[in-house]
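Quick notes on the structure that follows.
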Amino acid sequence: MVHTNTMDGALFEPTLYIVKGMCILDNDGNRILAKYYDKNILPTSKEQKAFEKNLFNKTHRANAEIIMLEGLTCVYKSNVDLFFYVMGSSHENELILQSVLNALYESVSILLRRNVEKRVLLDSLDAVMLAFDEICDGGVILDSDPTSIVGRAALRTDDVPLGEQTVAQVLQSAKEQLKWSLLK
Amino acid sequence: MSVFKRDKKEEEDSGGNPYQNLDKTIVLQEARYFNQSPVNPRKCSLILTKILYLLNQGEKFTTQEATEAFFATTKLFQSKDVMLRRMVYLCIKELSTLAQDVIIVTSSLTKDMTGKEDLYRAAAIRALCSITDSTMLQAIERYMKQAIVDKNPAVSSAALVSALHLSSTAPDLVRRWANEAQEAIASDNAMVSYHALGVVAGSRRNDKLSTVKLVTRLARSPLKSPYALCLLIRLAAQLVEDDDSDASQPYIEFIECCLRHKSEMVIYEAAHAIVNLRKTARDLAPAVSVLQLFCGSSKASLRLAGARTLARLTAKHPTAVAACAVDLENLISDPNRSVATLAVTTLLATGAESSVDRLMKQISSFVSEISDEFKIVVVRAIRRLCTKFPRKHQSLAAFLAGMLRDEGGLEYKAAIADAIIALVEENPDAKETGLAHLCEFIEDCEHTALAVRILHLLGREGPKSRQPSRYIRFIYNRVILESGPVRAAAVSAVAQFGAQRPELLPNIRVLLARCQLDDEDEVRDRAIYYSAILDTGDAQLINDYIVNVPKPNPVLLEKALRDHLATRPDDIFDIKAVPTEEEPKENKEAVVEIEVRKPVLQSLEEMYAEQLSKIPGIERLGPVFKTNMPIDLTEAETEYRVRLVKHVFGRHVILQFECVNTLSDQLLEDVHVRLECPPEYEVKTELPCQKLAYDKPGSVFVVVEYPSAFLDSLGTFGATLEFIVRDCDPTTGVPDPGEGYADSYPLEEFDMGCSDQIRARAASDDWEQTWERSSNAPQASDTFVLSQNEVNDAAKAVCEHLGLPKSAIVGEAVKEIRGGGIFRGGAPVLVRARLVSSAAGVTMQLAARSPREDVAQLLLAAVG
């Protein structure tokens with residue numbers, strides 16, 4: 001009846017709406033893909049981007065897996081020039097969020113044939129968008145098994161002819177590999 | 001090498017991002033390609049990706065643009081390409097909130113969701129449910145029910161999750177799918193059973209009995225999905241929390257059993273539940289040992305989960321946490337600073353006095369590296385230490401002062417200042433050093449708000465110190481150097497010294513005279529105002545207008561001023577009629593927790609202001625004098641639950657009956673309350689509640705005028721709820737046709753006491769003087785014999801009757817209650833009671849003083 005301002009119960013809420021947001025940022029902290037699922041948290045894209053900047057600044061140097069920021073628990077993982085984040089309420093089971101992050105990272109990794117980097121990701125942006133959609137629907141975890149997620153997101157049938165693809169791709173990936181090993 | 005160089009340059013130019021410089025209008029142009037036939041799926045897919053990318057980057061689409069793009073997209077249903085179709089669904093979902101007439105694709109999506117292609121069906125269901133509303137939903141209901149129990153797990157999950165989303169807008173409809181969802185819980189697929197459990201539990205949220213059944217049944221045959229188990233643990237934990245009897249023992253056993261699950265997620269969920277359940281002090285050990293193991297994990301999230309949950313235990317079971325000290329010590333140097341901070345603060349909260357110095361040294365080694373939020377956590381921990389080990393105040397204050405000098409944002413600095421202020425207020429030994437640190441800080445403080453607060457504190461505490469004159473120099477420096485608001489605050493602070501230390505008055509007068517030449521209006525005004533009052537030399541006047549100034553609640557003051565201007569702008573506004581600001585209650589539980597968002601503190605009056613504003617003619621009653629805490633007028637588990645809130649005005653009281661109908665098969669109409677008032681009370685108007693649907697609270701308001709004599713205002717009211725019952729369908733809430741029947745429901749009696757009509761406070765420091773000054777006011781006094789045997793109990797009971805806080809009780813051998821307050825209508829009142837234990841019980845001598853004698857007598861009558 002009346003909303004008293006006492007502290008919320010310390011127990012976790014029995015809800016399926018666990019994920020507050022997921023995003024992939026590049027190595028300058030710019031958004032590649034981001035979805036926020038709670039209308040009350042970061043409702044405008046301006047607030048979202050400010051939050052992402054802040055999040056990136058706090059996380060891009062120290063690879064510490066998890067951070068509490070602005071009332072959200074954020075778990076993260078990075079590879080080369082990509083940063084993957086999953087956000088949940090600060091009052092949420094961190095390990096569930098971690099499992100969602102693993103699902104996201106693994107699915108993308110399989111989709112990109114283990115070349116988890118920005119250029120490759122942008123080439124298959126449509127498939128990654130579908131993977132996002134298969135992992136979380138409006139804040140509810142839809143699936144967390146990377147193989148089944150990929151099975152429903154990687155649907156490209158009319159691939160580039162085999163010969164061309166291999167030549168182009170092999171060259172490209174060899175070049176990238178070499179470059180990154182030098183840059184590291 | 002040259003290859004890399006060129007490569008790098010190329011990358012920098014384009015950023016390696018083909019989507020970077022997309023233009024909305026061009027992309028929308030490109031979307032016209034969708035109208036061609038046949039289309040190239042690859043090309044279309046790229047265009048759709050561009051549209052989605054733009055939306056995702058926060059680009060704004062007008063309704064027209066979105067509608068055009070939406071309709072172009074619908075043309076792509078002609079293509080049979082799987083990937084493209086999936087992108088179409090995605091686009092439909094994203095555009096559905098922006099475009100018009102989105103229901104046009106219903107039939108296409110319905111066809112896909114019932115078709116043969118499994119890859120379409122799941123996604124089509126989700127897209128369809130994102131564009132339908134509850135009216136359209138009935139048309140697809142049959143398909144949804146089938147989909148929920150479909151063999152394909154993706155289809156089943158999609159239907160269940162969509163049902164969950166829909167249940168927020170059409171709960172009754174979704175409740176009809178509960179049987180299918182029930183069936184799906186038993187599915188072999190982990191995700192399906194998780195989603196099904198979510199839907200079933202959601203539909204039974206308000207029905208405790210069936211939740212009990214659900215949890216009991218599922219706890220016996222544990223679910224396979226770790227997510228579903230986590231949810232089940234949460235449900236079980238809630239049942240335990242709500243139920244104090246032994247009946248909840250099986251749930252606790254179930255949760256404990258989950259501590260041995262193979263998934264870490266479930267183990268943590270169970271440990272967290274056990275730690276946070278109120279009644280499980282004795283069962284903590286297994287959960288704590290699990291958390292202890294987490295602290296040693298190689299994964300940061302596990303360590304954080306463990307440390308955080310252990311930290312929550314510090315307040316209630318410090319010994320349990322102390323047993324983990326070794327594990328926490330190892331975390332102090334953790335690379336994840338969140339973990340390190342939690343570990344240190346937890347150790348500080350549970351450790352012995354001897355370990356404080358060592359831990360403080362540890363903190364100072366990394367405090368500069370952590371973010372402000374964590375610094376605040378550290379500061380709070382130190383603040384608690386100050387209370388716990390008063391003897392350590394010197395080193396703690398020095399540490400805080402050191403932090404105060406470091407770089408940091410306003411919130412961080414404010415937290416430190418808060419800690420020092422708390423130290424000054426709680427610990428008399430630390431007062432001088434604390435104030436000295438604060439003085440030093442305002443010499444170089446860039447935050448105006450903080451400087452003003454500290455000046456106010458110096459004005460309040462400084463005059464009471466041994467050498468007040470040393471603070472005046474610091475304060476007056478501000479007048480010379482700072483911006484307007486700070487100068488004004490400094491003037492007020494200086495005036496406090498003049499008011500409370502007569503020996504300094506001549507000097508203060510000189511300072512105030514100088515301030516009268518200031519550039520800033522506010523500073524000059526204050527200087528002149530204080531000079532004038534100090535020049536009168538009238539002790540009462542100085543006390544009321546400089547030392548003990550009432551602080552009205554700003555929100556309510558604004559509202560009262562508005563009402564005043566709207567109704568009778570020519571009268572004099574009485575500031576005493578506005579409730580004063582309440583001291584925010586300290587959170588008693590000293591939990592170590594990283595919580596950046598603070599809950600908004602709101603007084604009762606502010607919370608109800610909006611509801612009250614609906615009563616016609618309320619502005620004529622004047623401002624709310626006081627809103628009392630709600631009291632229950634029914635037992636906890638009855639058909640109708642009613643709570644009463646008494647809103648007291650100058651000459652009226654509004655009784656707000658908050659009603660909840662807990663019967664799902666009834667709809668109450670025309671709900672009103674029949675009152676039996678004590679003599680002299682008069683019911684003015686009543687605002688009935690037109691409709692009271694199941695589980696939707698509604699309020700009945702009755703405006704009652706107080707008797708003209710204050711003494712008659714004590715009495716007991718009887719009340720009966722009267723209403724018309726109409727039976728209705730429990731699932732849809734639609735009432736059956738035909739007339740309802742009238743019925744009534746008796747409510748418990750309630751009193752109008754003294755505490756309802758008084759805004760009381762405990763005595764301030766200069767109580768003796770205040771009491772002396774009021775000696776010429778009318779006094780009423782009497783001796784009572786109280787029924788309680790214990791002096792303490794008796795004193796508490798008297799405080800309750802008079803509405804005084806417990807802090808009004810002072811004295812050891814002879815208990816004395818000292819307090820004061822303002823009675824409705826604005827009459828101030830002072831109370832003093834002395835309690836002595838005697839053979840017959842407790843004897844109390846009570847004296848009340850007020851300019852209005854009848855108010856003083858009322859206070860005696862309330863106790864007698």
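Following the order of the structure tokens, chains are lettered A, B, ..., residues in each are numbered from 1, and ligands are numbered from 1.
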
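Proximity to chain B at a cut-off of 6 Å picks out Ala10, Pro14, Ser45, Ala64, Glu65, Ile66, Glu70, Gly71, Leu95, Arg119, Asp126 and Leu155 of chain A on chain A, counting only C-alpha atoms.
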
Would you pick out the contacts of region 149-152 of chain A at 10 Å or less, using only C-alpha atoms, so that residues sharing its chain but fewer than 4 positions from it are not included, and give the list as a VMD selection string?
(chain A and resid 103 to 104 106 to 111 127 to 128 130 to 135 142 to 145) or (chain B and resid 83 86 118 to 120 122 to 123 154)

For the selection you just gave me, I'd like the residues written to a file as an mmCIF file, in the first residue's frame, keeping N, CA and C atoms.
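This is the output file again_23.cif:
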data_model
loop_
_atom_site.group_PDB
_atom_site.id
_atom_site.type_symbol
_atom_site.label_atom_id
_atom_site.label_comp_id
_atom_site.auth_asym_id
_atom_site.auth_seq_id
_atom_site.Cartn_x
_atom_site.Cartn_y
_atom_site.Cartn_z
ATOM 1 N N ALA A 103 28.338 -16.952 -22.290
ATOM 2 C CA ALA A 103 27.527 -17.330 -23.444
ATOM 3 C C ALA A 103 27.736 -16.323 -24.568
ATOM 4 N N LEU A 104 27.726 -15.045 -24.221
ATOM 5 C CA LEU A 104 27.885 -14.007 -25.236
ATOM 6 C C LEU A 104 29.252 -14.121 -25.900
ATOM 7 N N GLU A 106 31.483 -16.608 -25.938
ATOM 8 C CA GLU A 106 31.707 -17.859 -26.656
ATOM 9 C C GLU A 106 30.953 -17.874 -27.981
ATOM 10 N N SER A 107 29.692 -17.439 -27.961
ATOM 11 C CA SER A 107 28.909 -17.466 -29.202
ATOM 12 C C SER A 107 29.562 -16.588 -30.257
ATOM 13 N N VAL A 108 29.948 -15.385 -29.841
ATOM 14 C CA VAL A 108 30.573 -14.484 -30.800
ATOM 15 C C VAL A 108 31.871 -15.100 -31.310
ATOM 16 N N SER A 109 32.600 -15.702 -30.384
ATOM 17 C CA SER A 109 33.865 -16.311 -30.763
ATOM 18 C C SER A 109 33.656 -17.401 -31.811
ATOM 19 N N ILE A 110 32.633 -18.233 -31.630
ATOM 20 C CA ILE A 110 32.370 -19.284 -32.613
ATOM 21 C C ILE A 110 31.916 -18.668 -33.933
ATOM 22 N N LEU A 111 31.054 -17.683 -33.843
ATOM 23 C CA LEU A 111 30.544 -17.026 -35.054
ATOM 24 C C LEU A 111 31.683 -16.441 -35.878
ATOM 25 N N ALA A 127 24.946 -11.411 -37.901
ATOM 26 C CA ALA A 127 24.890 -12.644 -37.112
ATOM 27 C C ALA A 127 25.068 -12.349 -35.626
ATOM 28 N N VAL A 128 25.941 -11.375 -35.305
ATOM 29 C CA VAL A 128 26.155 -11.036 -33.898
ATOM 30 C C VAL A 128 24.884 -10.422 -33.316
ATOM 31 N N LEU A 130 21.882 -11.169 -34.202
ATOM 32 C CA LEU A 130 20.974 -12.286 -33.961
ATOM 33 C C LEU A 130 21.376 -13.031 -32.690
ATOM 34 N N ALA A 131 22.686 -13.157 -32.467
ATOM 35 C CA ALA A 131 23.152 -13.845 -31.263
ATOM 36 C C ALA A 131 22.705 -13.082 -30.019
ATOM 37 N N PHE A 132 22.850 -11.765 -30.040
ATOM 38 C CA PHE A 132 22.364 -10.921 -28.946
ATOM 39 C C PHE A 132 20.911 -11.252 -28.651
ATOM 40 N N ASP A 133 20.140 -11.313 -29.753
ATOM 41 C CA ASP A 133 18.705 -11.533 -29.634
ATOM 42 C C ASP A 133 18.399 -12.923 -29.096
ATOM 43 N N GLU A 134 19.276 -13.880 -29.382
ATOM 44 C CA GLU A 134 19.032 -15.247 -28.922
ATOM 45 C C GLU A 134 19.473 -15.459 -27.478
ATOM 46 N N ILE A 135 20.364 -14.601 -26.994
ATOM 47 C CA ILE A 135 20.856 -14.782 -25.632
ATOM 48 C C ILE A 135 19.899 -14.165 -24.625
ATOM 49 N N LEU A 142 17.545 -16.046 -22.477
ATOM 50 C CA LEU A 142 16.819 -16.951 -23.367
ATOM 51 C C LEU A 142 17.586 -18.256 -23.521
ATOM 52 N N ASP A 143 18.879 -18.123 -23.642
ATOM 53 C CA ASP A 143 19.693 -19.328 -23.777
ATOM 54 C C ASP A 143 21.111 -18.995 -23.345
ATOM 55 N N SER A 144 21.816 -19.994 -22.796
ATOM 56 C CA SER A 144 23.188 -19.708 -22.386
ATOM 57 C C SER A 144 24.140 -20.749 -22.936
ATOM 58 N N ASP A 145 23.651 -21.578 -23.850
ATOM 59 C CA ASP A 145 24.518 -22.602 -24.429
ATOM 60 C C ASP A 145 25.034 -22.113 -25.778
ATOM 61 N N MET B 83 18.316 -16.330 -43.130
ATOM 62 C CA MET B 83 19.023 -15.248 -42.457
ATOM 63 C C MET B 83 18.260 -13.939 -42.597
ATOM 64 N N ARG B 86 15.169 -13.754 -40.498
ATOM 65 C CA ARG B 86 15.471 -13.485 -39.096
ATOM 66 C C ARG B 86 15.794 -12.021 -38.864
ATOM 67 N N ASP B 118 11.353 -24.661 -38.326
ATOM 68 C CA ASP B 118 11.623 -24.438 -36.912
ATOM 69 C C ASP B 118 12.407 -23.156 -36.660
ATOM 70 N N LEU B 119 13.303 -22.847 -37.597
ATOM 71 C CA LEU B 119 14.137 -21.661 -37.394
ATOM 72 C C LEU B 119 13.309 -20.384 -37.427
ATOM 73 N N TYR B 120 12.171 -20.422 -38.108
ATOM 74 C CA TYR B 120 11.295 -19.252 -38.111
ATOM 75 C C TYR B 120 10.458 -19.165 -36.854
ATOM 76 N N ALA B 122 10.286 -19.945 -33.574
ATOM 77 C CA ALA B 122 10.606 -19.340 -32.288
ATOM 78 C C ALA B 122 10.720 -17.823 -32.412
ATOM 79 N N ALA B 123 11.484 -17.400 -33.387
ATOM 80 C CA ALA B 123 11.705 -15.957 -33.523
ATOM 81 C C ALA B 123 10.412 -15.243 -33.911
ATOM 82 N N ALA B 154 13.357 -24.383 -28.475
ATOM 83 C CA ALA B 154 13.450 -22.956 -28.807
ATOM 84 C C ALA B 154 12.054 -22.360 -28.917
#

Separating CA of Val356 (chain B) from CA of Ile382 (chain B), to the nearest tenth of an Å, is a gap of 9.7 Å

Please identify all polymer residues within 10 Å of Val120 (chain A), counting only C-alpha atoms, omitting same-chain residues fewer than 4 positions from it, and present them as a list in words.
Leu111, Leu112, Arg113, Arg114, Asn115, Val116, Ser124, Leu125 and Ser173 of chain A; Gly16 and Asn17 of chain B

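All residues within region 42-132 of chain A that the backbone DSSP calculation assigns to strand (DSSP E) are Ile66, Ile67, Met68, Leu69, Leu72, Thr73, Cys74, Val75, Tyr76, Lys77, Ser78, Asn79, Leu82, Phe83, Phe84, Tyr85, Val86, Met87, Gly88 and Ser89 of chain A.
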
Please dump the current selection as a short mmCIF file (atom, residue, chain, number, x, y, z; two decimals), in the first residue's frame; keep C-alpha atoms.
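out-v5.cif, freshly written:
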data_model
loop_
_atom_site.label_atom_id
_atom_site.label_comp_id
_atom_site.auth_asym_id
_atom_site.auth_seq_id
_atom_site.Cartn_x
_atom_site.Cartn_y
_atom_site.Cartn_z
CA ILE A 66 33.90 -7.56 -12.49
CA ILE A 67 33.13 -4.05 -11.33
CA MET A 68 30.32 -2.34 -9.46
CA LEU A 69 29.39 0.91 -11.10
CA LEU A 72 25.02 -1.97 -11.51
CA THR A 73 27.17 -5.04 -11.33
CA CYS A 74 29.09 -5.32 -14.58
CA VAL A 75 31.03 -8.40 -15.59
CA TYR A 76 33.38 -8.04 -18.52
CA LYS A 77 35.89 -9.71 -20.75
CA SER A 78 38.07 -8.31 -23.48
CA ASN A 79 39.95 -9.59 -26.46
CA LEU A 82 36.77 -5.67 -28.27
CA PHE A 83 35.21 -5.36 -24.82
CA PHE A 84 32.19 -7.44 -23.85
CA TYR A 85 30.01 -6.38 -20.92
CA VAL A 86 26.95 -7.80 -19.19
CA MET A 87 25.18 -5.66 -16.63
CA GLY A 88 22.80 -6.65 -13.86
CA SER A 89 21.37 -5.04 -10.76
#

As an MDAnalysis selection string, please: the residues near region 840-843 of chain B (cut-off 6 Å, only C-alpha atoms, same-chain neighbours under 6 positions excluded).
chainID B and resid 784:787 789

Selected residues, N, CA and C atoms, written as an mmCIF file, in the first residue's frame, please.
data_model
loop_
_atom_site.group_PDB
_atom_site.id
_atom_site.type_symbol
_atom_site.label_atom_id
_atom_site.label_comp_id
_atom_site.auth_asym_id
_atom_site.auth_seq_id
_atom_site.Cartn_x
_atom_site.Cartn_y
_atom_site.Cartn_z
ATOM 1 N N PHE B 784 1.243 10.989 39.173
ATOM 2 C CA PHE B 784 0.525 9.790 38.747
ATOM 3 C C PHE B 784 1.210 8.559 39.312
ATOM 4 N N VAL B 785 0.432 7.506 39.500
ATOM 5 C CA VAL B 785 1.032 6.210 39.803
ATOM 6 C C VAL B 785 0.802 5.319 38.585
ATOM 7 N N LEU B 786 1.884 4.831 38.029
ATOM 8 C CA LEU B 786 1.756 4.052 36.793
ATOM 9 C C LEU B 786 1.753 2.568 37.092
ATOM 10 N N SER B 787 1.131 1.810 36.215
ATOM 11 C CA SER B 787 0.943 0.382 36.480
ATOM 12 C C SER B 787 2.213 -0.434 36.227
ATOM 13 N N ASN B 789 5.961 -1.941 36.387
ATOM 14 C CA ASN B 789 6.841 -2.184 37.519
ATOM 15 C C ASN B 789 8.219 -1.594 37.308
#

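Here the question is which of B:Val829, B:Ile654, B:Val704, B:Leu293 gets nearest to Pro678 (chain B) using only C-alpha atoms, and that residue is B:Val704.
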
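Of the residues listed (A:Cys23, A:Val100, A:Lys39, A:Lys53), A:Val100 shows the shortest atom-to-atom separation from Cys136 (chain A); distances use only C-alpha atoms.
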
Just asking: which residues within region 394-537 of chain B are helix (DSSP H, G or I) according to DSSP, as number ranges by chain?
B: 394-405, 410-426, 428-442, 448-464, 468-481, 484-500, 502-515, 521-536

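Among A:Thr15, A:Asn63, A:Ser90, A:Asn27, the residue with the shortest atom-to-atom distance to Lys118 (chain A), counting only C-alpha atoms, is A:Asn27.
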
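Shortest separation to Asn54 (chain A) among A:Gly29, A:Lys35, A:Ile41, A:Ala154 occurs at residue A:Gly29, atoms counted being only C-alpha atoms.
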
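The list of residues with at least one atom within 8 Å of region 530-543 of chain B, based on only C-alpha atoms and without residues fewer than 4 positions apart in the same chain, reads Ser492, Ala495, Gly498, Ala499, Arg509, Leu512, Ala513, Arg526, Val547, Asn548, Val549 and Arg773 of chain B.
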
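Going from CA of Pro616 (chain B) over to CA of Val673 (chain B), you cover 17.8 Å.
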
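We find CA of Met403 (chain B) and CA of Asp444 (chain B) to be spaced 13.7 Å apart.
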
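Of the listed residues B:Tyr694, B:Tyr706, B:Trp767, B:Tyr143, the one whose atoms come nearest to Cys728 (chain B) is B:Tyr694, with distances taken using only C-alpha atoms.
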
Fewer than 4 positions away in the same chain doesn't count, so skip those; otherwise give me all residues within 9 Å of Val555 (chain B), counting only C-alpha atoms, as a list in words.
Lys559, Ala560 and Glu606 of chain B
